[in-house]
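Below is the file input_12.pdb, which contains PDB, C-alpha atoms, pLDDT in the B column.
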ATOM      1  CA  MET A1430      21.901  20.823  17.601  1.00 44.00           C
ATOM      2  CA  SER A1431      23.121  17.746  15.723  1.00 46.00           C
ATOM      3  CA  GLU A1432      26.746  16.698  16.021  1.00 49.00           C
ATOM      4  CA  LYS A1433      29.026  17.293  13.063  1.00 53.00           C
ATOM      5  CA  MET A1434      30.173  14.138  11.297  1.00 56.00           C
ATOM      6  CA  THR A1435      33.895  13.440  11.581  1.00 66.00           C
ATOM      7  CA  LYS A1436      35.442  13.515   8.133  1.00 67.00           C
ATOM      8  CA  SER A1437      38.559  11.865   6.734  1.00 71.00           C
ATOM      9  CA  GLN A1438      40.388  12.373   3.470  1.00 70.00           C
ATOM     10  CA  PHE A1439      40.146   9.530   0.947  1.00 69.00           C
ATOM     11  CA  ASN A1440      42.277   9.794  -2.209  1.00 73.00           C
ATOM     12  CA  ILE A1441      41.618   7.584  -5.227  1.00 76.00           C
ATOM     13  CA  LYS A1442      42.713   7.617  -8.861  1.00 76.00           C
ATOM     14  CA  ILE A1443      40.064   7.487 -11.587  1.00 77.00           C
ATOM     15  CA  SER A1444      40.150   8.092 -15.311  1.00 79.00           C
ATOM     16  CA  LYS A1445      39.957  11.642 -16.650  1.00 75.00           C
ATOM     17  CA  ASP A1446      36.742  10.830 -18.545  1.00 77.00           C
ATOM     18  CA  LEU A1447      35.049   9.506 -15.410  1.00 79.00           C
ATOM     19  CA  LEU A1448      36.066  12.595 -13.430  1.00 77.00           C
ATOM     20  CA  ILE A1449      34.567  14.838 -16.109  1.00 77.00           C
ATOM     21  CA  ARG A1450      31.345  12.831 -15.971  1.00 79.00           C
ATOM     22  CA  ILE A1451      31.145  13.065 -12.185  1.00 79.00           C
ATOM     23  CA  LYS A1452      31.761  16.822 -12.272  1.00 76.00           C
ATOM     24  CA  ARG A1453      28.976  17.285 -14.811  1.00 75.00           C
ATOM     25  CA  GLN A1454      26.569  15.441 -12.535  1.00 78.00           C
ATOM     26  CA  GLU A1455      27.761  17.460  -9.553  1.00 71.00           C
ATOM     27  CA  MET A1456      26.989  20.740 -11.342  1.00 72.00           C
ATOM     28  CA  MET A1457      23.513  19.504 -12.278  1.00 71.00           C
ATOM     29  CA  SER A1458      22.810  18.351  -8.711  1.00 71.00           C
ATOM     30  CA  GLY A1459      23.659  21.723  -7.177  1.00 72.00           C
ATOM     31  CA  LYS A1460      25.899  20.062  -4.598  1.00 77.00           C
ATOM     32  CA  SER A1461      29.617  20.316  -4.006  1.00 79.00           C
ATOM     33  CA  LEU A1462      31.799  17.643  -5.603  1.00 76.00           C
ATOM     34  CA  THR A1463      32.498  16.107  -2.176  1.00 79.00           C
ATOM     35  CA  GLU A1464      28.793  15.987  -1.279  1.00 80.00           C
ATOM     36  CA  HIS A1465      27.868  14.478  -4.648  1.00 77.00           C
ATOM     37  CA  ILE A1466      30.477  11.695  -4.502  1.00 79.00           C
ATOM     38  CA  THR A1467      29.619  10.992  -0.855  1.00 80.00           C
ATOM     39  CA  ASP A1468      25.957  10.543  -1.802  1.00 79.00           C
ATOM     40  CA  LEU A1469      26.841   8.244  -4.709  1.00 78.00           C
ATOM     41  CA  ILE A1470      29.024   6.007  -2.571  1.00 77.00           C
ATOM     42  CA  THR A1471      26.624   6.023   0.386  1.00 77.00           C
ATOM     43  CA  ASN A1472      23.730   4.972  -1.819  1.00 75.00           C
ATOM     44  CA  SER A1473      25.770   2.141  -3.310  1.00 72.00           C
ATOM     45  CA  LEU A1474      26.868   0.618  -0.004  1.00 70.00           C
ATOM     46  CA  THR A1475      25.102  -1.702   2.439  1.00 57.00           C
ATOM     47  CA  ASP A1476      25.807  -2.512   6.079  1.00 50.00           C
ATOM     48  CA  ASN A1477      27.318  -5.838   5.060  1.00 51.00           C
ATOM     49  CA  ASP A1478      29.895  -4.445   2.615  1.00 54.00           C
ATOM     50  CA  ILE A1479      32.802  -4.734   5.057  1.00 49.00           C
ATOM     51  CA  GLN A1480      32.245  -8.497   5.218  1.00 52.00           C
ATOM     52  CA  ASN A1481      32.209  -8.920   1.439  1.00 55.00           C
ATOM     53  CA  ASN A1482      35.175 -10.579  -0.200  1.00 52.00           C
ATOM     54  CA  HIS A1483      37.436  -8.803  -2.689  1.00 52.00           C
ATOM     55  CA  SER A1484      35.622  -9.958  -5.815  1.00 57.00           C
ATOM     56  CA  SER A1485      32.305  -8.702  -4.484  1.00 60.00           C
ATOM     57  CA  SER A1486      33.822  -5.310  -3.704  1.00 57.00           C
ATOM     58  CA  VAL A1487      35.246  -5.039  -7.211  1.00 59.00           C
ATOM     59  CA  LYS A1488      31.851  -5.908  -8.685  1.00 65.00           C
ATOM     60  CA  LYS A1489      30.161  -3.231  -6.590  1.00 64.00           C
ATOM     61  CA  PHE A1490      32.586  -0.551  -7.803  1.00 59.00           C
ATOM     62  CA  GLU A1491      32.055  -1.711 -11.390  1.00 61.00           C
ATOM     63  CA  ASP A1492      28.293  -1.403 -10.903  1.00 65.00           C
ATOM     64  CA  LEU A1493      28.768   2.051  -9.432  1.00 65.00           C
ATOM     65  CA  GLU A1494      30.878   3.156 -12.385  1.00 58.00           C
ATOM     66  CA  GLU A1495      28.276   1.788 -14.803  1.00 58.00           C
ATOM     67  CA  ARG A1496      25.558   3.797 -13.047  1.00 60.00           C
ATOM     68  CA  LEU A1497      27.760   6.897 -13.172  1.00 59.00           C
ATOM     69  CA  LEU A1498      28.260   6.439 -16.908  1.00 53.00           C
ATOM     70  CA  SER A1499      24.526   6.047 -17.422  1.00 52.00           C
ATOM     71  CA  LEU A1500      23.682   9.132 -15.363  1.00 54.00           C
ATOM     72  CA  GLU A1501      26.410  11.127 -17.077  1.00 52.00           C
ATOM     73  CA  SER A1502      24.988  10.307 -20.477  1.00 51.00           C
ATOM     74  CA  ILE A1503      21.554  11.564 -19.406  1.00 49.00           C
ATOM     75  CA  VAL A1504      23.068  14.733 -17.930  1.00 51.00           C
ATOM     76  CA  SER A1505      25.277  15.377 -20.938  1.00 50.00           C
ATOM     77  CA  ASN A1506      22.293  14.967 -23.247  1.00 52.00           C
ATOM     78  CA  ARG A1507      20.458  17.668 -21.293  1.00 50.00           C
ATOM     79  CA  GLU A1508      23.492  19.946 -21.455  1.00 46.00           C
ATOM     80  CA  TYR A1509      23.807  19.180 -25.138  1.00 49.00           C
ATOM     81  CA  LEU A1510      20.168  20.049 -25.859  1.00 48.00           C
ATOM     82  CA  SER A1511      20.650  23.475 -24.254  1.00 50.00           C
ATOM     83  CA  GLN A1512      23.574  24.370 -26.512  1.00 56.00           C
ATOM     84  CA  LYS A1513      23.530  26.056 -29.889  1.00 61.00           C
ATOM     85  CA  LEU A1514      25.266  23.453 -32.013  1.00 69.00           C
ATOM     86  CA  LYS A1515      27.072  23.782 -35.311  1.00 83.00           C
ATOM     87  CA  PRO A1516      26.061  21.695 -38.347  1.00 88.00           C
ATOM     88  CA  PHE A1517      27.657  18.284 -38.946  1.00 93.00           C
ATOM     89  CA  THR A1518      31.140  18.341 -40.419  1.00 95.00           C
ATOM     90  CA  ASN A1519      32.453  15.546 -42.633  1.00 97.00           C
ATOM     91  CA  SER A1520      34.705  14.225 -39.862  1.00 97.00           C
ATOM     92  CA  GLU A1521      31.754  14.179 -37.447  1.00 96.00           C
ATOM     93  CA  ALA A1522      29.653  12.373 -40.042  1.00 96.00           C
ATOM     94  CA  ILE A1523      32.339   9.681 -40.325  1.00 97.00           C
ATOM     95  CA  ASN A1524      32.302   9.196 -36.552  1.00 97.00           C
ATOM     96  CA  CYS A1525      28.498   8.947 -36.617  1.00 96.00           C
ATOM     97  CA  THR A1526      28.725   6.347 -39.389  1.00 97.00           C
ATOM     98  CA  ARG A1527      31.147   4.180 -37.431  1.00 96.00           C
ATOM     99  CA  PHE A1528      29.126   4.468 -34.229  1.00 96.00           C
ATOM    100  CA  MET A1529      25.743   3.569 -35.742  1.00 96.00           C
ATOM    101  CA  ARG A1530      27.228   0.673 -37.725  1.00 96.00           C
ATOM    102  CA  GLY A1531      29.005  -0.596 -34.610  1.00 95.00           C
ATOM    103  CA  VAL A1532      25.819  -0.484 -32.532  1.00 95.00           C
ATOM    104  CA  PHE A1533      23.891  -2.252 -35.292  1.00 95.00           C
ATOM    105  CA  ASP A1534      26.493  -5.032 -35.575  1.00 93.00           C
ATOM    106  CA  LYS A1535      26.628  -5.500 -31.783  1.00 91.00           C
ATOM    107  CA  GLU A1536      22.853  -5.783 -31.566  1.00 91.00           C
ATOM    108  CA  LEU A1537      22.833  -8.477 -34.252  1.00 88.00           C
ATOM    109  CA  ASP A1538      24.629 -10.718 -31.755  1.00 81.00           C
ATOM    110  CA  THR A1539      21.757 -10.417 -29.277  1.00 85.00           C
ATOM    111  CA  LYS A1540      18.792 -10.620 -31.655  1.00 84.00           C
ATOM    112  CA  ASN A1541      17.745 -13.791 -33.461  1.00 81.00           C
ATOM    113  CA  PHE A1542      17.298 -12.695 -37.073  1.00 83.00           C
ATOM    114  CA  ASP A1543      17.580 -15.038 -40.033  1.00 81.00           C
ATOM    115  CA  ASN A1544      19.839 -12.562 -41.837  1.00 90.00           C
ATOM    116  CA  LYS A1545      21.153  -9.007 -41.653  1.00 92.00           C
ATOM    117  CA  SER A1546      18.654  -7.755 -44.205  1.00 94.00           C
ATOM    118  CA  LYS A1547      15.718  -8.713 -41.974  1.00 93.00           C
ATOM    119  CA  ALA A1548      17.497  -7.113 -39.032  1.00 95.00           C
ATOM    120  CA  PHE A1549      17.847  -3.887 -40.992  1.00 96.00           C
ATOM    121  CA  ASP A1550      14.163  -3.906 -41.963  1.00 95.00           C
ATOM    122  CA  ASP A1551      13.281  -4.253 -38.291  1.00 94.00           C
ATOM    123  CA  PHE A1552      15.682  -1.447 -37.337  1.00 96.00           C
ATOM    124  CA  LEU A1553      14.301   0.804 -40.070  1.00 96.00           C
ATOM    125  CA  LYS A1554      10.844   0.550 -38.489  1.00 94.00           C
ATOM    126  CA  SER A1555      12.290   2.049 -35.314  1.00 94.00           C
ATOM    127  CA  VAL A1556      13.782   4.923 -37.306  1.00 95.00           C
ATOM    128  CA  GLN A1557      10.572   5.489 -39.259  1.00 93.00           C
ATOM    129  CA  ALA A1558       8.674   5.805 -35.978  1.00 91.00           C
ATOM    130  CA  TYR A1559      10.383   9.199 -35.613  1.00 89.00           C
ATOM    131  CA  GLU A1560      10.755  10.212 -39.246  1.00 89.00           C
ATOM    132  CA  VAL A1561       9.710   8.601 -42.510  1.00 92.00           C
ATOM    133  CA  LEU A1562      12.896   8.565 -44.585  1.00 93.00           C
ATOM    134  CA  ASN A1563      12.651   9.095 -48.314  1.00 94.00           C
ATOM    135  CA  GLU A1564      13.915   6.386 -50.626  1.00 95.00           C
ATOM    136  CA  SER A1565      17.317   8.009 -51.057  1.00 95.00           C
ATOM    137  CA  PHE A1566      18.045   8.172 -47.319  1.00 96.00           C
ATOM    138  CA  SER A1567      16.615   4.697 -46.717  1.00 96.00           C
ATOM    139  CA  ASP A1568      18.922   3.259 -49.379  1.00 97.00           C
ATOM    140  CA  ARG A1569      21.932   5.111 -47.927  1.00 97.00           C
ATOM    141  CA  LEU A1570      21.154   3.868 -44.434  1.00 97.00           C
ATOM    142  CA  ARG A1571      20.813   0.306 -45.757  1.00 97.00           C
ATOM    143  CA  GLU A1572      24.190   0.636 -47.499  1.00 97.00           C
ATOM    144  CA  ILE A1573      25.879   1.902 -44.342  1.00 97.00           C
ATOM    145  CA  MET A1574      24.430  -0.824 -42.131  1.00 97.00           C
ATOM    146  CA  LEU A1575      24.791  -3.792 -44.497  1.00 96.00           C
ATOM    147  CA  ASP A1576      27.654  -3.230 -46.961  1.00 96.00           C
ATOM    148  CA  ASP A1577      31.104  -4.576 -46.141  1.00 93.00           C
ATOM    149  CA  LYS A1578      32.846  -1.290 -46.960  1.00 92.00           C
ATOM    150  CA  PRO A1579      30.195   1.417 -47.110  1.00 94.00           C
ATOM    151  CA  SER A1580      30.909   5.033 -47.962  1.00 96.00           C
ATOM    152  CA  PRO A1581      30.380   7.004 -44.737  1.00 97.00           C
ATOM    153  CA  TRP A1582      27.775   9.692 -44.317  1.00 97.00           C
ATOM    154  CA  THR A1583      28.855  13.174 -45.350  1.00 97.00           C
ATOM    155  CA  GLY A1584      28.187  16.266 -43.274  1.00 96.00           C
ATOM    156  CA  LYS A1585      25.906  17.548 -46.027  1.00 96.00           C
ATOM    157  CA  GLU A1586      23.791  14.377 -45.920  1.00 96.00           C
ATOM    158  CA  LEU A1587      23.308  14.409 -42.153  1.00 95.00           C
ATOM    159  CA  ASN A1588      22.532  18.131 -42.137  1.00 94.00           C
ATOM    160  CA  GLU A1589      19.875  17.525 -44.762  1.00 94.00           C
ATOM    161  CA  LEU A1590      18.520  14.546 -42.812  1.00 93.00           C
ATOM    162  CA  THR A1591      18.250  16.475 -39.538  1.00 91.00           C
ATOM    163  CA  GLY A1592      17.340  19.841 -40.965  1.00 88.00           C
ATOM    164  CA  GLU A1593      20.666  21.108 -39.536  1.00 72.00           C
ATOM    165  CA  ASN A1594      19.348  20.314 -36.044  1.00 77.00           C
ATOM    166  CA  LYS A1595      21.725  17.712 -34.602  1.00 78.00           C
ATOM    167  CA  CYS A1596      19.513  16.768 -31.672  1.00 76.00           C
ATOM    168  CA  ASN A1597      16.783  15.754 -34.123  1.00 79.00           C
ATOM    169  CA  CYS A1598      18.640  12.780 -35.626  1.00 90.00           C
ATOM    170  CA  SER A1599      16.052  10.065 -36.265  1.00 93.00           C
ATOM    171  CA  ILE A1600      18.781   7.417 -36.700  1.00 95.00           C
ATOM    172  CA  ARG A1601      20.103   7.947 -33.166  1.00 93.00           C
ATOM    173  CA  LYS A1602      16.541   7.876 -31.826  1.00 92.00           C
ATOM    174  CA  GLY A1603      15.893   4.717 -33.841  1.00 93.00           C
ATOM    175  CA  LEU A1604      18.981   3.027 -32.385  1.00 94.00           C
ATOM    176  CA  ILE A1605      17.769   3.815 -28.855  1.00 92.00           C
ATOM    177  CA  ASN A1606      14.312   2.460 -29.649  1.00 91.00           C
ATOM    178  CA  TRP A1607      15.618  -0.644 -31.436  1.00 94.00           C
ATOM    179  CA  THR A1608      18.199  -1.620 -28.815  1.00 92.00           C
ATOM    180  CA  GLY A1609      16.139  -0.546 -25.798  1.00 90.00           C
ATOM    181  CA  LYS A1610      19.228   1.203 -24.390  1.00 86.00           C
ATOM    182  CA  THR A1611      18.284   4.643 -23.135  1.00 82.00           C
ATOM    183  CA  ASP A1612      21.795   5.534 -21.916  1.00 80.00           C
ATOM    184  CA  CYS A1613      22.918   6.410 -25.429  1.00 84.00           C
ATOM    185  CA  PRO A1614      25.658   9.062 -25.719  1.00 86.00           C
ATOM    186  CA  SER A1615      24.564  12.497 -26.869  1.00 86.00           C
ATOM    187  CA  GLN A1616      24.743  13.293 -30.560  1.00 88.00           C
ATOM    188  CA  GLN A1617      27.708  15.600 -30.004  1.00 88.00           C
ATOM    189  CA  GLU A1618      29.571  12.914 -28.052  1.00 89.00           C
ATOM    190  CA  ILE A1619      29.021  10.549 -30.981  1.00 93.00           C
ATOM    191  CA  CYS A1620      30.264  13.229 -33.381  1.00 93.00           C
ATOM    192  CA  ASP A1621      33.393  13.764 -31.301  1.00 92.00           C
ATOM    193  CA  ARG A1622      34.307  10.183 -30.361  1.00 92.00           C
ATOM    194  CA  GLY A1623      32.492   7.817 -32.717  1.00 94.00           C
ATOM    195  CA  GLU A1624      33.284   4.131 -32.264  1.00 93.00           C
ATOM    196  CA  GLU A1625      35.267   4.839 -29.077  1.00 92.00           C
ATOM    197  CA  LEU A1626      31.869   4.990 -27.326  1.00 91.00           C
ATOM    198  CA  LEU A1627      30.790   1.481 -28.327  1.00 90.00           C
ATOM    199  CA  SER A1628      32.242  -0.035 -25.165  1.00 83.00           C
ATOM    200  CA  PHE A1629      29.868   2.164 -23.117  1.00 75.00           C
ATOM    201  CA  PHE A1630      26.760   1.311 -25.150  1.00 70.00           C
TER     202      PHE A1630
END

Spit out the file's structure as structure tokens when you get a sec.
Amino acid sequence: MSEKMTKSQFNIKISKDLLIRIKRQEMMSGKSLTEHITDLITNSLTDNDIQNNHSSSVKKFEDLEERLLSLESIVSNREYLSQKLKPFTNSEAINCTRFMRGVFDKELDTKNFDNKSKAFDDFLKSVQAYEVLNESFSDRLREIMLDDKPSPWTGKELNELTGENKCNCSIRKGLINWTGKTDCPSQQEICDRGEELLSFF
């Protein structure tokens, strides 16, 4: 019979959002919260960690938090897909507008395009890979991404675009494809928090 591992209590303070994310992962893993966090920390550590200086330790915890955020986004997307969701509201559409415009503007800083119009044309190809937008929606998307003060999407517009199926938003899929960032927040997270999520994307 194997010996039981001696356990000690270790209290730390983390943000409410991070705790929610960890708990979501824990439920999906089928483990207790203690077991799940223990596994996460164990997998992130090496035998030489004790000898690392303070800055290295801080970097390792930052990397761990980044991985947690990425995993949480994947888990939350799966939870989100299993839910019966309500159609877009106008306030949700505004949050979606601000998020997609923010992601587009951030990506411009990392891509070498001659101008924003060419960047949009390239982005539109990523959207069209999932759904060919009609002229009206293409023009509206161009306005939102390129105009200085665009009118935000309305709930009616996004419901028409997605067929009242939020998880089928071709613009969100296009952003993932165009940026190459698969840890995109779920559509409902974007609806609820909008541009607040840009720091995580």

So what does the PyMOL selection byres ((chain A and resi 1620-1624) around 6) actually pick up in this one, as a PDB file with C-alpha atoms, keeping the file's coordinate frame?
ATOM      1  CA  GLU A1521      31.754  14.179 -37.447  1.00 96.00           C
ATOM      2  CA  ASN A1524      32.302   9.196 -36.552  1.00 97.00           C
ATOM      3  CA  CYS A1525      28.498   8.947 -36.617  1.00 96.00           C
ATOM      4  CA  ARG A1527      31.147   4.180 -37.431  1.00 96.00           C
ATOM      5  CA  PHE A1528      29.126   4.468 -34.229  1.00 96.00           C
ATOM      6  CA  GLN A1617      27.708  15.600 -30.004  1.00 88.00           C
ATOM      7  CA  GLU A1618      29.571  12.914 -28.052  1.00 89.00           C
ATOM      8  CA  ILE A1619      29.021  10.549 -30.981  1.00 93.00           C
ATOM      9  CA  GLU A1625      35.267   4.839 -29.077  1.00 92.00           C
ATOM     10  CA  LEU A1626      31.869   4.990 -27.326  1.00 91.00           C
ATOM     11  CA  LEU A1627      30.790   1.481 -28.327  1.00 90.00           C
TER      12      LEU A1627
END

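Here CA of Gly1459 in chain A is placed at a distance of 27.8 Å from CA of Lys1595 in chain A.
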
message: I'd like the contact shell of Arg1601 in chain A - 12 Å cut-off, all atoms listed in the file, skipping same-chain residues fewer than 3 positions apart - returned as a ChimeraX atom specification.
response: /A:1525-1526,1528-1530,1532-1533,1552-1553,1555-1560,1587,1590-1591,1595-1598,1604-1620

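Our summary of the geometry notes that CA of Ser1628 in chain A is positioned 23.9 Å from CA of Thr1518 in chain A.
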
Counting all atoms listed in the file, which residues in range 1598-1629 of chain A sit no more than 12 Å from range 1565-1576 of chain A? For each one, give the nearest pair of atoms and the distance in Å, sorted by chain then residue number, as CSV.
residue,atom,partner,partner_atom,distance
A:Ser1599,CA,A:Phe1566,CA,11.4
A:Ile1600,CA,A:Leu1570,CA,8.8
A:Gly1603,CA,A:Leu1570,CA,11.9
A:Leu1604,CA,A:Met1574,CA,11.8

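Of the residues listed (A:Asp1446, A:Glu1464, A:Glu1455, A:Glu1586), A:Glu1586 shows the shortest atom-to-atom separation from Ile1523 in chain A; distances use all atoms listed in the file.
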
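Computed from the coordinates, the CA of Asn1440 in chain A to CA of His1465 in chain A distance equals 15.3 Å.
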
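Checking A:Ala1522, A:Leu1448, A:Val1561, A:Leu1537 one by one against Pro1581 in chain A, counting all atoms listed in the file, you find the shortest gap at A:Ala1522.
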